[in-house]
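Visitor: Structure file run39.pdb (PDB, N, CA, C and O atoms) is given on the next line.
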```
ATOM      1  N   TRP A   1      14.308  -3.667  -1.800
ATOM      2  CA  TRP A   1      13.042  -2.989  -1.860
ATOM      3  C   TRP A   1      12.047  -3.733  -2.732
ATOM      4  O   TRP A   1      10.863  -3.813  -2.397
ATOM      5  N   VAL A   2      12.507  -4.205  -3.855
ATOM      6  CA  VAL A   2      11.598  -4.914  -4.755
ATOM      7  C   VAL A   2      11.041  -6.164  -4.075
ATOM      8  O   VAL A   2       9.840  -6.439  -4.148
ATOM      9  N   ASN A   3      11.891  -6.898  -3.388
ATOM     10  CA  ASN A   3      11.450  -8.100  -2.701
ATOM     11  C   ASN A   3      10.436  -7.764  -1.614
ATOM     12  O   ASN A   3       9.436  -8.461  -1.446
ATOM     13  N   LEU A   4      10.665  -6.695  -0.892
ATOM     14  CA  LEU A   4       9.745  -6.272   0.164
ATOM     15  C   LEU A   4       8.377  -5.921  -0.417
ATOM     16  O   LEU A   4       7.340  -6.340   0.102
ATOM     17  N   ILE A   5       8.363  -5.175  -1.498
ATOM     18  CA  ILE A   5       7.101  -4.780  -2.127
ATOM     19  C   ILE A   5       6.376  -5.996  -2.684
ATOM     20  O   ILE A   5       5.165  -6.160  -2.483
ATOM     21  N   MET A   6       7.092  -6.863  -3.382
ATOM     22  CA  MET A   6       6.447  -8.030  -3.989
ATOM     23  C   MET A   6       5.912  -8.978  -2.913
ATOM     24  O   MET A   6       4.828  -9.546  -3.072
ATOM     25  N   ASP A   7       6.641  -9.153  -1.841
ATOM     26  CA  ASP A   7       6.157 -10.016  -0.754
ATOM     27  C   ASP A   7       4.931  -9.422  -0.082
ATOM     28  O   ASP A   7       4.031 -10.142   0.341
ATOM     29  N   THR A   8       4.888  -8.101   0.018
ATOM     30  CA  THR A   8       3.728  -7.446   0.623
ATOM     31  C   THR A   8       2.481  -7.678  -0.225
ATOM     32  O   THR A   8       1.414  -8.012   0.304
ATOM     33  N   PHE A   9       2.595  -7.523  -1.543
ATOM     34  CA  PHE A   9       1.436  -7.747  -2.414
ATOM     35  C   PHE A   9       0.992  -9.207  -2.361
ATOM     36  O   PHE A   9      -0.206  -9.495  -2.342
ATOM     37  N   ALA A  10       1.929 -10.122  -2.331
ATOM     38  CA  ALA A  10       1.573 -11.542  -2.273
ATOM     39  C   ALA A  10       0.878 -11.870  -0.957
ATOM     40  O   ALA A  10      -0.122 -12.600  -0.937
ATOM     41  N   SER A  11       1.373 -11.342   0.141
ATOM     42  CA  SER A  11       0.731 -11.626   1.428
ATOM     43  C   SER A  11      -0.649 -10.998   1.511
ATOM     44  O   SER A  11      -1.571 -11.578   2.086
ATOM     45  N   LEU A  12      -0.820  -9.822   0.933
ATOM     46  CA  LEU A  12      -2.155  -9.214   0.899
ATOM     47  C   LEU A  12      -3.122 -10.043   0.060
ATOM     48  O   LEU A  12      -4.292 -10.196   0.417
ATOM     49  N   ALA A  13      -2.649 -10.571  -1.045
ATOM     50  CA  ALA A  13      -3.504 -11.395  -1.896
ATOM     51  C   ALA A  13      -3.930 -12.656  -1.169
ATOM     52  O   ALA A  13      -5.072 -13.104  -1.286
ATOM     53  N   LEU A  14      -3.031 -13.243  -0.409
ATOM     54  CA  LEU A  14      -3.373 -14.456   0.330
ATOM     55  C   LEU A  14      -4.238 -14.159   1.555
ATOM     56  O   LEU A  14      -5.032 -14.992   1.975
ATOM     57  N   ALA A  15      -4.097 -12.983   2.131
ATOM     58  CA  ALA A  15      -4.810 -12.658   3.362
ATOM     59  C   ALA A  15      -6.220 -12.131   3.119
ATOM     60  O   ALA A  15      -7.037 -12.127   4.027
ATOM     61  N   THR A  16      -6.528 -11.700   1.916
ATOM     62  CA  THR A  16      -7.832 -11.081   1.676
ATOM     63  C   THR A  16      -8.954 -12.083   1.503
ATOM     64  O   THR A  16     -10.112 -11.733   1.679
ATOM     65  N   GLU A  17      -8.661 -13.303   1.141
ATOM     66  CA  GLU A  17      -9.709 -14.308   0.939
ATOM     67  C   GLU A  17      -9.553 -15.411   1.986
ATOM     68  O   GLU A  17      -8.530 -16.079   2.047
ATOM     69  N   PRO A  18     -10.583 -15.624   2.796
ATOM     70  CA  PRO A  18     -10.471 -16.662   3.824
ATOM     71  C   PRO A  18     -10.485 -18.054   3.205
ATOM     72  O   PRO A  18     -11.140 -18.282   2.181
ATOM     73  N   PRO A  19      -9.755 -19.001   3.797
ATOM     74  CA  PRO A  19      -9.739 -20.361   3.258
ATOM     75  C   PRO A  19     -11.087 -21.045   3.472
ATOM     76  O   PRO A  19     -11.737 -20.855   4.499
ATOM     77  N   THR A  20     -11.496 -21.819   2.506
ATOM     78  CA  THR A  20     -12.742 -22.576   2.634
ATOM     79  C   THR A  20     -12.436 -23.949   3.219
ATOM     80  O   THR A  20     -11.293 -24.414   3.204
ATOM     81  N   GLU A  21     -13.458 -24.576   3.714
ATOM     82  CA  GLU A  21     -13.285 -25.907   4.306
ATOM     83  C   GLU A  21     -12.815 -26.910   3.254
ATOM     84  O   GLU A  21     -11.960 -27.756   3.521
ATOM     85  N   ALA A  22     -13.359 -26.802   2.037
ATOM     86  CA  ALA A  22     -12.960 -27.720   0.965
ATOM     87  C   ALA A  22     -11.481 -27.557   0.627
ATOM     88  O   ALA A  22     -10.788 -28.540   0.346
ATOM     89  N   LEU A  23     -11.006 -26.333   0.654
ATOM     90  CA  LEU A  23      -9.599 -26.085   0.349
ATOM     91  C   LEU A  23      -8.697 -26.655   1.433
ATOM     92  O   LEU A  23      -7.636 -27.217   1.145
ATOM     93  N   LEU A  24      -9.137 -26.542   2.670
ATOM     94  CA  LEU A  24      -8.322 -27.066   3.768
ATOM     95  C   LEU A  24      -8.304 -28.592   3.805
ATOM     96  O   LEU A  24      -7.344 -29.192   4.276
ATOM     97  N   LEU A  25      -9.354 -29.223   3.298
ATOM     98  CA  LEU A  25      -9.429 -30.686   3.313
ATOM     99  C   LEU A  25      -8.825 -31.331   2.065
ATOM    100  O   LEU A  25      -8.658 -32.545   2.019
ATOM    101  N   ARG A  26      -8.506 -30.507   1.053
ATOM    102  CA  ARG A  26      -7.947 -31.043  -0.188
ATOM    103  C   ARG A  26      -6.554 -31.595   0.062
ATOM    104  O   ARG A  26      -5.755 -31.011   0.784
ATOM    105  N   LYS A  27      -6.269 -32.732  -0.540
ATOM    106  CA  LYS A  27      -4.932 -33.313  -0.416
ATOM    107  C   LYS A  27      -3.948 -32.481  -1.223
ATOM    108  O   LYS A  27      -4.305 -31.892  -2.236
ATOM    109  N   PRO A  28      -2.691 -32.414  -0.793
ATOM    110  CA  PRO A  28      -1.704 -31.633  -1.548
ATOM    111  C   PRO A  28      -1.423 -32.263  -2.909
ATOM    112  O   PRO A  28      -1.596 -33.462  -3.106
ATOM    113  N   TYR A  29      -0.991 -31.419  -3.823
ATOM    114  CA  TYR A  29      -0.630 -31.910  -5.145
ATOM    115  C   TYR A  29       0.631 -32.758  -5.044
ATOM    116  O   TYR A  29       1.473 -32.537  -4.181
ATOM    117  N   GLY A  30       0.760 -33.697  -5.956
ATOM    118  CA  GLY A  30       1.930 -34.571  -5.958
ATOM    119  C   GLY A  30       3.207 -33.845  -6.331
ATOM    120  O   GLY A  30       3.193 -32.767  -6.909
ATOM    121  N   ARG A  31       4.304 -34.473  -6.006
ATOM    122  CA  ARG A  31       5.613 -33.886  -6.268
ATOM    123  C   ARG A  31       5.887 -33.765  -7.769
ATOM    124  O   ARG A  31       6.602 -32.873  -8.203
ATOM    125  N   ASN A  32       5.315 -34.646  -8.565
ATOM    126  CA  ASN A  32       5.572 -34.648 -10.007
ATOM    127  C   ASN A  32       4.524 -33.876 -10.803
ATOM    128  O   ASN A  32       4.606 -33.826 -12.022
ATOM    129  N   LYS A  33       3.555 -33.293 -10.136
ATOM    130  CA  LYS A  33       2.526 -32.505 -10.831
ATOM    131  C   LYS A  33       3.130 -31.186 -11.304
ATOM    132  O   LYS A  33       3.958 -30.581 -10.619
ATOM    133  N   PRO A  34       2.713 -30.719 -12.475
ATOM    134  CA  PRO A  34       3.263 -29.447 -12.964
ATOM    135  C   PRO A  34       2.748 -28.255 -12.150
ATOM    136  O   PRO A  34       1.620 -28.266 -11.655
ATOM    137  N   LEU A  35       3.577 -27.237 -12.015
ATOM    138  CA  LEU A  35       3.168 -26.018 -11.313
ATOM    139  C   LEU A  35       2.160 -25.221 -12.129
ATOM    140  O   LEU A  35       1.254 -24.612 -11.588
ATOM    141  N   ILE A  36       2.334 -25.223 -13.422
ATOM    142  CA  ILE A  36       1.459 -24.463 -14.306
ATOM    143  C   ILE A  36       0.579 -25.452 -15.068
ATOM    144  O   ILE A  36       1.077 -26.307 -15.801
ATOM    145  N   SER A  37      -0.721 -25.307 -14.905
ATOM    146  CA  SER A  37      -1.652 -26.212 -15.571
ATOM    147  C   SER A  37      -1.759 -25.857 -17.055
ATOM    148  O   SER A  37      -1.271 -24.819 -17.503
ATOM    149  N   ARG A  38      -2.436 -26.702 -17.797
ATOM    150  CA  ARG A  38      -2.618 -26.472 -19.231
ATOM    151  C   ARG A  38      -3.418 -25.192 -19.477
ATOM    152  O   ARG A  38      -3.093 -24.400 -20.357
ATOM    153  N   THR A  39      -4.448 -24.959 -18.670
ATOM    154  CA  THR A  39      -5.261 -23.750 -18.820
ATOM    155  C   THR A  39      -4.437 -22.505 -18.514
ATOM    156  O   THR A  39      -4.540 -21.501 -19.216
ATOM    157  N   MET A  40      -3.629 -22.577 -17.471
ATOM    158  CA  MET A  40      -2.773 -21.444 -17.135
ATOM    159  C   MET A  40      -1.785 -21.160 -18.262
ATOM    160  O   MET A  40      -1.547 -19.998 -18.610
ATOM    161  N   MET A  41      -1.221 -22.202 -18.852
ATOM    162  CA  MET A  41      -0.266 -22.027 -19.944
ATOM    163  C   MET A  41      -0.944 -21.385 -21.154
ATOM    164  O   MET A  41      -0.380 -20.502 -21.799
ATOM    165  N   LYS A  42      -2.167 -21.819 -21.457
ATOM    166  CA  LYS A  42      -2.905 -21.212 -22.567
ATOM    167  C   LYS A  42      -3.151 -19.730 -22.308
ATOM    168  O   LYS A  42      -2.997 -18.900 -23.210
ATOM    169  N   ASN A  43      -3.521 -19.385 -21.078
ATOM    170  CA  ASN A  43      -3.759 -17.981 -20.744
ATOM    171  C   ASN A  43      -2.479 -17.160 -20.826
ATOM    172  O   ASN A  43      -2.488 -16.035 -21.339
ATOM    173  N   ILE A  44      -1.378 -17.705 -20.344
ATOM    174  CA  ILE A  44      -0.097 -16.998 -20.384
ATOM    175  C   ILE A  44       0.343 -16.772 -21.829
ATOM    176  O   ILE A  44       0.722 -15.656 -22.217
ATOM    177  N   LEU A  45       0.281 -17.818 -22.639
ATOM    178  CA  LEU A  45       0.698 -17.687 -24.041
ATOM    179  C   LEU A  45      -0.238 -16.770 -24.827
ATOM    180  O   LEU A  45       0.208 -15.971 -25.655
ATOM    181  N   GLY A  46      -1.528 -16.879 -24.578
ATOM    182  CA  GLY A  46      -2.488 -16.012 -25.259
ATOM    183  C   GLY A  46      -2.252 -14.551 -24.928
ATOM    184  O   GLY A  46      -2.276 -13.678 -25.815
ATOM    185  N   HIS A  47      -1.999 -14.268 -23.668
ATOM    186  CA  HIS A  47      -1.743 -12.881 -23.270
ATOM    187  C   HIS A  47      -0.412 -12.388 -23.827
ATOM    188  O   HIS A  47      -0.297 -11.218 -24.219
ATOM    189  N   ALA A  48       0.581 -13.245 -23.882
ATOM    190  CA  ALA A  48       1.876 -12.862 -24.450
ATOM    191  C   ALA A  48       1.741 -12.524 -25.933
ATOM    192  O   ALA A  48       2.295 -11.528 -26.411
ATOM    193  N   VAL A  49       0.979 -13.338 -26.660
ATOM    194  CA  VAL A  49       0.764 -13.067 -28.089
ATOM    195  C   VAL A  49       0.024 -11.741 -28.267
ATOM    196  O   VAL A  49       0.373 -10.922 -29.124
ATOM    197  N   TYR A  50      -0.982 -11.498 -27.433
ATOM    198  CA  TYR A  50      -1.728 -10.244 -27.498
ATOM    199  C   TYR A  50      -0.807  -9.053 -27.244
ATOM    200  O   TYR A  50      -0.825  -8.072 -28.000
ATOM    201  N   GLN A  51       0.002  -9.117 -26.216
ATOM    202  CA  GLN A  51       0.892  -8.009 -25.888
ATOM    203  C   GLN A  51       1.937  -7.791 -26.971
ATOM    204  O   GLN A  51       2.226  -6.647 -27.337
ATOM    205  N   LEU A  52       2.512  -8.876 -27.490
ATOM    206  CA  LEU A  52       3.510  -8.730 -28.549
ATOM    207  C   LEU A  52       2.893  -8.138 -29.811
ATOM    208  O   LEU A  52       3.504  -7.290 -30.473
ATOM    209  N   THR A  53       1.681  -8.569 -30.148
ATOM    210  CA  THR A  53       1.000  -8.015 -31.318
ATOM    211  C   THR A  53       0.765  -6.526 -31.143
ATOM    212  O   THR A  53       1.033  -5.731 -32.053
ATOM    213  N   LEU A  54       0.283  -6.132 -29.990
ATOM    214  CA  LEU A  54       0.030  -4.720 -29.728
ATOM    215  C   LEU A  54       1.316  -3.901 -29.748
ATOM    216  O   LEU A  54       1.380  -2.838 -30.379
ATOM    217  N   ILE A  55       2.362  -4.398 -29.107
ATOM    218  CA  ILE A  55       3.632  -3.663 -29.053
ATOM    219  C   ILE A  55       4.249  -3.519 -30.440
ATOM    220  O   ILE A  55       4.692  -2.435 -30.829
ATOM    221  N   PHE A  56       4.269  -4.613 -31.210
ATOM    222  CA  PHE A  56       4.868  -4.527 -32.543
ATOM    223  C   PHE A  56       4.025  -3.679 -33.484
ATOM    224  O   PHE A  56       4.557  -2.990 -34.351
ATOM    225  N   THR A  57       2.708  -3.703 -33.321
ATOM    226  CA  THR A  57       1.858  -2.832 -34.126
ATOM    227  C   THR A  57       2.164  -1.379 -33.817
ATOM    228  O   THR A  57       2.318  -0.562 -34.729
ATOM    229  N   LEU A  58       2.249  -1.042 -32.551
ATOM    230  CA  LEU A  58       2.572   0.340 -32.195
ATOM    231  C   LEU A  58       3.981   0.719 -32.620
ATOM    232  O   LEU A  58       4.227   1.861 -33.027
ATOM    233  N   LEU A  59       4.901  -0.227 -32.549
ATOM    234  CA  LEU A  59       6.285   0.062 -32.907
ATOM    235  C   LEU A  59       6.445   0.329 -34.399
ATOM    236  O   LEU A  59       7.103   1.283 -34.811
ATOM    237  N   PHE A  60       5.824  -0.494 -35.224
ATOM    238  CA  PHE A  60       6.048  -0.400 -36.666
ATOM    239  C   PHE A  60       4.991   0.422 -37.401
ATOM    240  O   PHE A  60       5.267   0.970 -38.468
ATOM    241  N   VAL A  61       3.775   0.526 -36.876
ATOM    242  CA  VAL A  61       2.702   1.216 -37.587
ATOM    243  C   VAL A  61       2.156   2.389 -36.770
ATOM    244  O   VAL A  61       1.376   3.181 -37.265
ATOM    245  N   GLY A  62       2.585   2.513 -35.528
ATOM    246  CA  GLY A  62       2.036   3.521 -34.633
ATOM    247  C   GLY A  62       2.192   4.943 -35.123
ATOM    248  O   GLY A  62       1.270   5.756 -35.015
ATOM    249  N   GLU A  63       3.345   5.274 -35.671
ATOM    250  CA  GLU A  63       3.566   6.637 -36.142
ATOM    251  C   GLU A  63       2.639   6.970 -37.306
ATOM    252  O   GLU A  63       2.082   8.067 -37.371
ATOM    253  N   GLU A  64       2.454   6.027 -38.208
ATOM    254  CA  GLU A  64       1.542   6.256 -39.332
ATOM    255  C   GLU A  64       0.105   6.396 -38.854
ATOM    256  O   GLU A  64      -0.647   7.231 -39.363
ATOM    257  N   LEU A  65      -0.296   5.594 -37.881
ATOM    258  CA  LEU A  65      -1.648   5.702 -37.333
ATOM    259  C   LEU A  65      -1.862   7.053 -36.670
ATOM    260  O   LEU A  65      -2.900   7.691 -36.858
ATOM    261  N   ALA A  66      -0.893   7.509 -35.905
ATOM    262  CA  ALA A  66      -1.012   8.802 -35.236
ATOM    263  C   ALA A  66      -1.033   9.935 -36.256
ATOM    264  O   ALA A  66      -1.800  10.884 -36.115
ATOM    265  N   ARG A  67      -0.206   9.832 -37.273
ATOM    266  CA  ARG A  67      -0.150  10.874 -38.292
ATOM    267  C   ARG A  67      -1.467  10.944 -39.056
ATOM    268  O   ARG A  67      -1.979  12.030 -39.320
ATOM    269  N   SER A  68      -2.052   9.792 -39.405
ATOM    270  CA  SER A  68      -3.308   9.799 -40.164
ATOM    271  C   SER A  68      -4.455  10.330 -39.308
ATOM    272  O   SER A  68      -5.331  11.024 -39.801
ATOM    273  N   ARG A  69      -4.469  10.031 -38.016
ATOM    274  CA  ARG A  69      -5.518  10.550 -37.140
ATOM    275  C   ARG A  69      -5.377  12.053 -36.964
ATOM    276  O   ARG A  69      -6.361  12.773 -36.938
ATOM    277  N   CYS A  70      -4.136  12.546 -36.876
ATOM    278  CA  CYS A  70      -3.928  13.991 -36.717
ATOM    279  C   CYS A  70      -4.351  14.738 -37.978
ATOM    280  O   CYS A  70      -4.985  15.789 -37.899
ATOM    281  N   SER A  71      -4.011  14.200 -39.148
ATOM    282  CA  SER A  71      -4.395  14.864 -40.392
ATOM    283  C   SER A  71      -5.903  14.815 -40.580
ATOM    284  O   SER A  71      -6.496  15.782 -41.063
ATOM    285  N   ALA A  72      -6.553  13.726 -40.217
ATOM    286  CA  ALA A  72      -8.004  13.658 -40.324
ATOM    287  C   ALA A  72      -8.655  14.647 -39.370
ATOM    288  O   ALA A  72      -9.653  15.295 -39.676
ATOM    289  N   HIS A  73      -8.082  14.810 -38.197
ATOM    290  CA  HIS A  73      -8.617  15.750 -37.207
ATOM    291  C   HIS A  73      -8.455  17.193 -37.707
ATOM    292  O   HIS A  73      -9.354  18.006 -37.531
ATOM    293  N   ARG A  74      -7.318  17.486 -38.327
ATOM    294  CA  ARG A  74      -7.092  18.831 -38.861
ATOM    295  C   ARG A  74      -8.066  19.132 -39.986
ATOM    296  O   ARG A  74      -8.554  20.240 -40.111
ATOM    297  N   GLN A  75      -8.364  18.158 -40.840
ATOM    298  CA  GLN A  75      -9.286  18.376 -41.943
ATOM    299  C   GLN A  75     -10.697  18.619 -41.439
ATOM    300  O   GLN A  75     -11.428  19.443 -41.997
ATOM    301  N   LEU A  76     -11.087  17.944 -40.394
ATOM    302  CA  LEU A  76     -12.422  18.148 -39.820
ATOM    303  C   LEU A  76     -12.520  19.518 -39.161
ATOM    304  O   LEU A  76     -13.569  20.164 -39.188
ATOM    305  N   GLY A  77     -11.447  19.976 -38.579
ATOM    306  CA  GLY A  77     -11.451  21.268 -37.889
ATOM    307  C   GLY A  77     -11.411  22.452 -38.826
ATOM    308  O   GLY A  77     -11.810  23.550 -38.478
ATOM    309  N   SER A  78     -10.970  22.270 -40.060
ATOM    310  CA  SER A  78     -10.837  23.386 -41.007
ATOM    311  C   SER A  78     -12.151  23.832 -41.562
ATOM    312  O   SER A  78     -13.057  23.179 -41.824
TER     313      SER A  78
END
```
What's the structure tokens form of this structure?
Guide:
Amino acid sequence: WVNLIMDTFASLALATEPPTEALLLRKPYGRNKPLISRTMMKNILGHAVYQLTLIFTLLFVGEELARSRCSAHRQLGS
């Protein structure tokens, strides 16, 4: 099921944008060229750092943040 769903999303992504003439005339990438470019790697690593920072912040400080917001809300309501 997972493979079926993932293949469906990939085919929809490829089918929604028509190929341009420049794309069709471009020569294929070489066999030794990397699959992930430097810009792609920077984006992947940057997003990973962002997600890890957010997750660890919520994991270690999240309860205190929620508790302080609830107490501040109660004080305003009183």
Visitor: What does the distance between atom CA of A:Arg31 and atom O of A:Pro19 come to in Å, to one decimal place?
Guide: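 Interatomic distance, atom CA of A:Arg31 to atom O of A:Pro19: 24.2 Å.
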Visitor: DSSP on the backbone: which residues in chain A end up as helix (DSSP H, G or I)? Give the answer as a PyMOL selection string.
Guide: chain A and resi 2-15+21-25+38-77
Visitor: How many Å lie between atom C of A:Arg38 and atom N of A:Arg26, rounded to one decimal?
Guide: 21.8 Å
Visitor: If you measure from atom O of A:Val61 to atom N of A:Ile44, what distance in Å do you get, rounded to one decimal?
Guide: 27.0 Å
Visitor: Working from the structure I just supplied, which lacks atoms in stretch 17-27 of chain A, can you model all heavy atoms there and output them as a PDB file, keeping the file's coordinate frame?
Guide:
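And here's out01.pdb as it stands now:
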```pdb
ATOM      1  N   GLU A  17      -8.661 -13.303   1.141  1.00  0.00           N
ATOM      2  CA  GLU A  17      -9.709 -14.308   0.939  1.00  0.00           C
ATOM      3  C   GLU A  17      -9.553 -15.411   1.986  1.00  0.00           C
ATOM      4  O   GLU A  17      -8.530 -16.079   2.047  1.00  0.00           O
ATOM      5  CB  GLU A  17      -9.596 -14.899  -0.464  1.00  0.00           C
ATOM      6  CG  GLU A  17     -10.767 -15.760  -0.816  1.00  0.00           C
ATOM      7  CD  GLU A  17     -10.740 -16.173  -2.273  1.00  0.00           C
ATOM      8  OE1 GLU A  17     -10.111 -15.478  -3.078  1.00  0.00           O
ATOM      9  OE2 GLU A  17     -11.339 -17.209  -2.573  1.00  0.00           O
ATOM     10  N   PRO A  18     -10.583 -15.624   2.796  1.00  0.00           N
ATOM     11  CA  PRO A  18     -10.471 -16.662   3.824  1.00  0.00           C
ATOM     12  C   PRO A  18     -10.485 -18.054   3.205  1.00  0.00           C
ATOM     13  O   PRO A  18     -11.140 -18.282   2.181  1.00  0.00           O
ATOM     14  CB  PRO A  18     -11.703 -16.435   4.697  1.00  0.00           C
ATOM     15  CG  PRO A  18     -12.677 -15.747   3.811  1.00  0.00           C
ATOM     16  CD  PRO A  18     -11.869 -14.937   2.844  1.00  0.00           C
ATOM     17  N   PRO A  19      -9.755 -19.001   3.797  1.00  0.00           N
ATOM     18  CA  PRO A  19      -9.739 -20.361   3.258  1.00  0.00           C
ATOM     19  C   PRO A  19     -11.087 -21.045   3.472  1.00  0.00           C
ATOM     20  O   PRO A  19     -11.737 -20.855   4.499  1.00  0.00           O
ATOM     21  CB  PRO A  19      -8.638 -21.052   4.052  1.00  0.00           C
ATOM     22  CG  PRO A  19      -8.509 -20.265   5.300  1.00  0.00           C
ATOM     23  CD  PRO A  19      -8.897 -18.857   4.964  1.00  0.00           C
ATOM     24  N   THR A  20     -11.496 -21.819   2.506  1.00  0.00           N
ATOM     25  CA  THR A  20     -12.742 -22.576   2.634  1.00  0.00           C
ATOM     26  C   THR A  20     -12.436 -23.949   3.219  1.00  0.00           C
ATOM     27  O   THR A  20     -11.293 -24.414   3.204  1.00  0.00           O
ATOM     28  CB  THR A  20     -13.418 -22.747   1.265  1.00  0.00           C
ATOM     29  OG1 THR A  20     -12.530 -23.472   0.414  1.00  0.00           O
ATOM     30  CG2 THR A  20     -13.733 -21.395   0.627  1.00  0.00           C
ATOM     31  N   GLU A  21     -13.458 -24.576   3.714  1.00  0.00           N
ATOM     32  CA  GLU A  21     -13.285 -25.907   4.306  1.00  0.00           C
ATOM     33  C   GLU A  21     -12.815 -26.910   3.254  1.00  0.00           C
ATOM     34  O   GLU A  21     -11.960 -27.756   3.521  1.00  0.00           O
ATOM     35  CB  GLU A  21     -14.609 -26.362   4.930  1.00  0.00           C
ATOM     36  CG  GLU A  21     -14.485 -27.592   5.786  1.00  0.00           C
ATOM     37  CD  GLU A  21     -13.669 -27.350   7.060  1.00  0.00           C
ATOM     38  OE1 GLU A  21     -13.666 -26.227   7.574  1.00  0.00           O
ATOM     39  OE2 GLU A  21     -13.010 -28.298   7.519  1.00  0.00           O
ATOM     40  N   ALA A  22     -13.359 -26.802   2.037  1.00  0.00           N
ATOM     41  CA  ALA A  22     -12.960 -27.720   0.965  1.00  0.00           C
ATOM     42  C   ALA A  22     -11.481 -27.557   0.627  1.00  0.00           C
ATOM     43  O   ALA A  22     -10.788 -28.540   0.346  1.00  0.00           O
ATOM     44  CB  ALA A  22     -13.818 -27.475  -0.272  1.00  0.00           C
ATOM     45  N   LEU A  23     -11.006 -26.333   0.654  1.00  0.00           N
ATOM     46  CA  LEU A  23      -9.599 -26.085   0.349  1.00  0.00           C
ATOM     47  C   LEU A  23      -8.697 -26.655   1.433  1.00  0.00           C
ATOM     48  O   LEU A  23      -7.636 -27.217   1.145  1.00  0.00           O
ATOM     49  CB  LEU A  23      -9.356 -24.582   0.198  1.00  0.00           C
ATOM     50  CG  LEU A  23      -7.946 -24.165  -0.191  1.00  0.00           C
ATOM     51  CD1 LEU A  23      -7.578 -24.723  -1.557  1.00  0.00           C
ATOM     52  CD2 LEU A  23      -7.820 -22.670  -0.181  1.00  0.00           C
ATOM     53  N   LEU A  24      -9.137 -26.542   2.670  1.00  0.00           N
ATOM     54  CA  LEU A  24      -8.322 -27.066   3.768  1.00  0.00           C
ATOM     55  C   LEU A  24      -8.304 -28.592   3.805  1.00  0.00           C
ATOM     56  O   LEU A  24      -7.344 -29.192   4.276  1.00  0.00           O
ATOM     57  CB  LEU A  24      -8.841 -26.522   5.101  1.00  0.00           C
ATOM     58  CG  LEU A  24      -8.673 -25.011   5.294  1.00  0.00           C
ATOM     59  CD1 LEU A  24      -9.367 -24.578   6.569  1.00  0.00           C
ATOM     60  CD2 LEU A  24      -7.213 -24.640   5.334  1.00  0.00           C
ATOM     61  N   LEU A  25      -9.354 -29.223   3.298  1.00  0.00           N
ATOM     62  CA  LEU A  25      -9.429 -30.686   3.313  1.00  0.00           C
ATOM     63  C   LEU A  25      -8.825 -31.331   2.065  1.00  0.00           C
ATOM     64  O   LEU A  25      -8.658 -32.545   2.019  1.00  0.00           O
ATOM     65  CB  LEU A  25     -10.885 -31.128   3.469  1.00  0.00           C
ATOM     66  CG  LEU A  25     -11.537 -30.759   4.810  1.00  0.00           C
ATOM     67  CD1 LEU A  25     -13.005 -31.151   4.801  1.00  0.00           C
ATOM     68  CD2 LEU A  25     -10.799 -31.395   5.969  1.00  0.00           C
ATOM     69  N   ARG A  26      -8.506 -30.507   1.053  1.00  0.00           N
ATOM     70  CA  ARG A  26      -7.947 -31.043  -0.188  1.00  0.00           C
ATOM     71  C   ARG A  26      -6.554 -31.595   0.062  1.00  0.00           C
ATOM     72  O   ARG A  26      -5.755 -31.011   0.784  1.00  0.00           O
ATOM     73  CB  ARG A  26      -7.879 -29.925  -1.234  1.00  0.00           C
ATOM     74  CG  ARG A  26      -7.308 -30.366  -2.560  1.00  0.00           C
ATOM     75  CD  ARG A  26      -7.173 -29.210  -3.520  1.00  0.00           C
ATOM     76  NE  ARG A  26      -6.374 -28.109  -3.050  1.00  0.00           N
ATOM     77  CZ  ARG A  26      -5.048 -28.059  -3.073  1.00  0.00           C
ATOM     78  NH1 ARG A  26      -4.353 -29.077  -3.525  1.00  0.00           N
ATOM     79  NH2 ARG A  26      -4.406 -27.003  -2.632  1.00  0.00           N
ATOM     80  N   LYS A  27      -6.269 -32.732  -0.540  1.00  0.00           N
ATOM     81  CA  LYS A  27      -4.932 -33.313  -0.416  1.00  0.00           C
ATOM     82  C   LYS A  27      -3.948 -32.481  -1.223  1.00  0.00           C
ATOM     83  O   LYS A  27      -4.305 -31.892  -2.236  1.00  0.00           O
ATOM     84  CB  LYS A  27      -4.933 -34.745  -0.942  1.00  0.00           C
ATOM     85  CG  LYS A  27      -5.733 -35.682  -0.082  1.00  0.00           C
ATOM     86  CD  LYS A  27      -5.505 -37.106  -0.513  1.00  0.00           C
ATOM     87  CE  LYS A  27      -6.380 -37.999   0.315  1.00  0.00           C
ATOM     88  NZ  LYS A  27      -5.682 -38.959   1.097  1.00  0.00           N
TER      89      LYS A  27
END
```
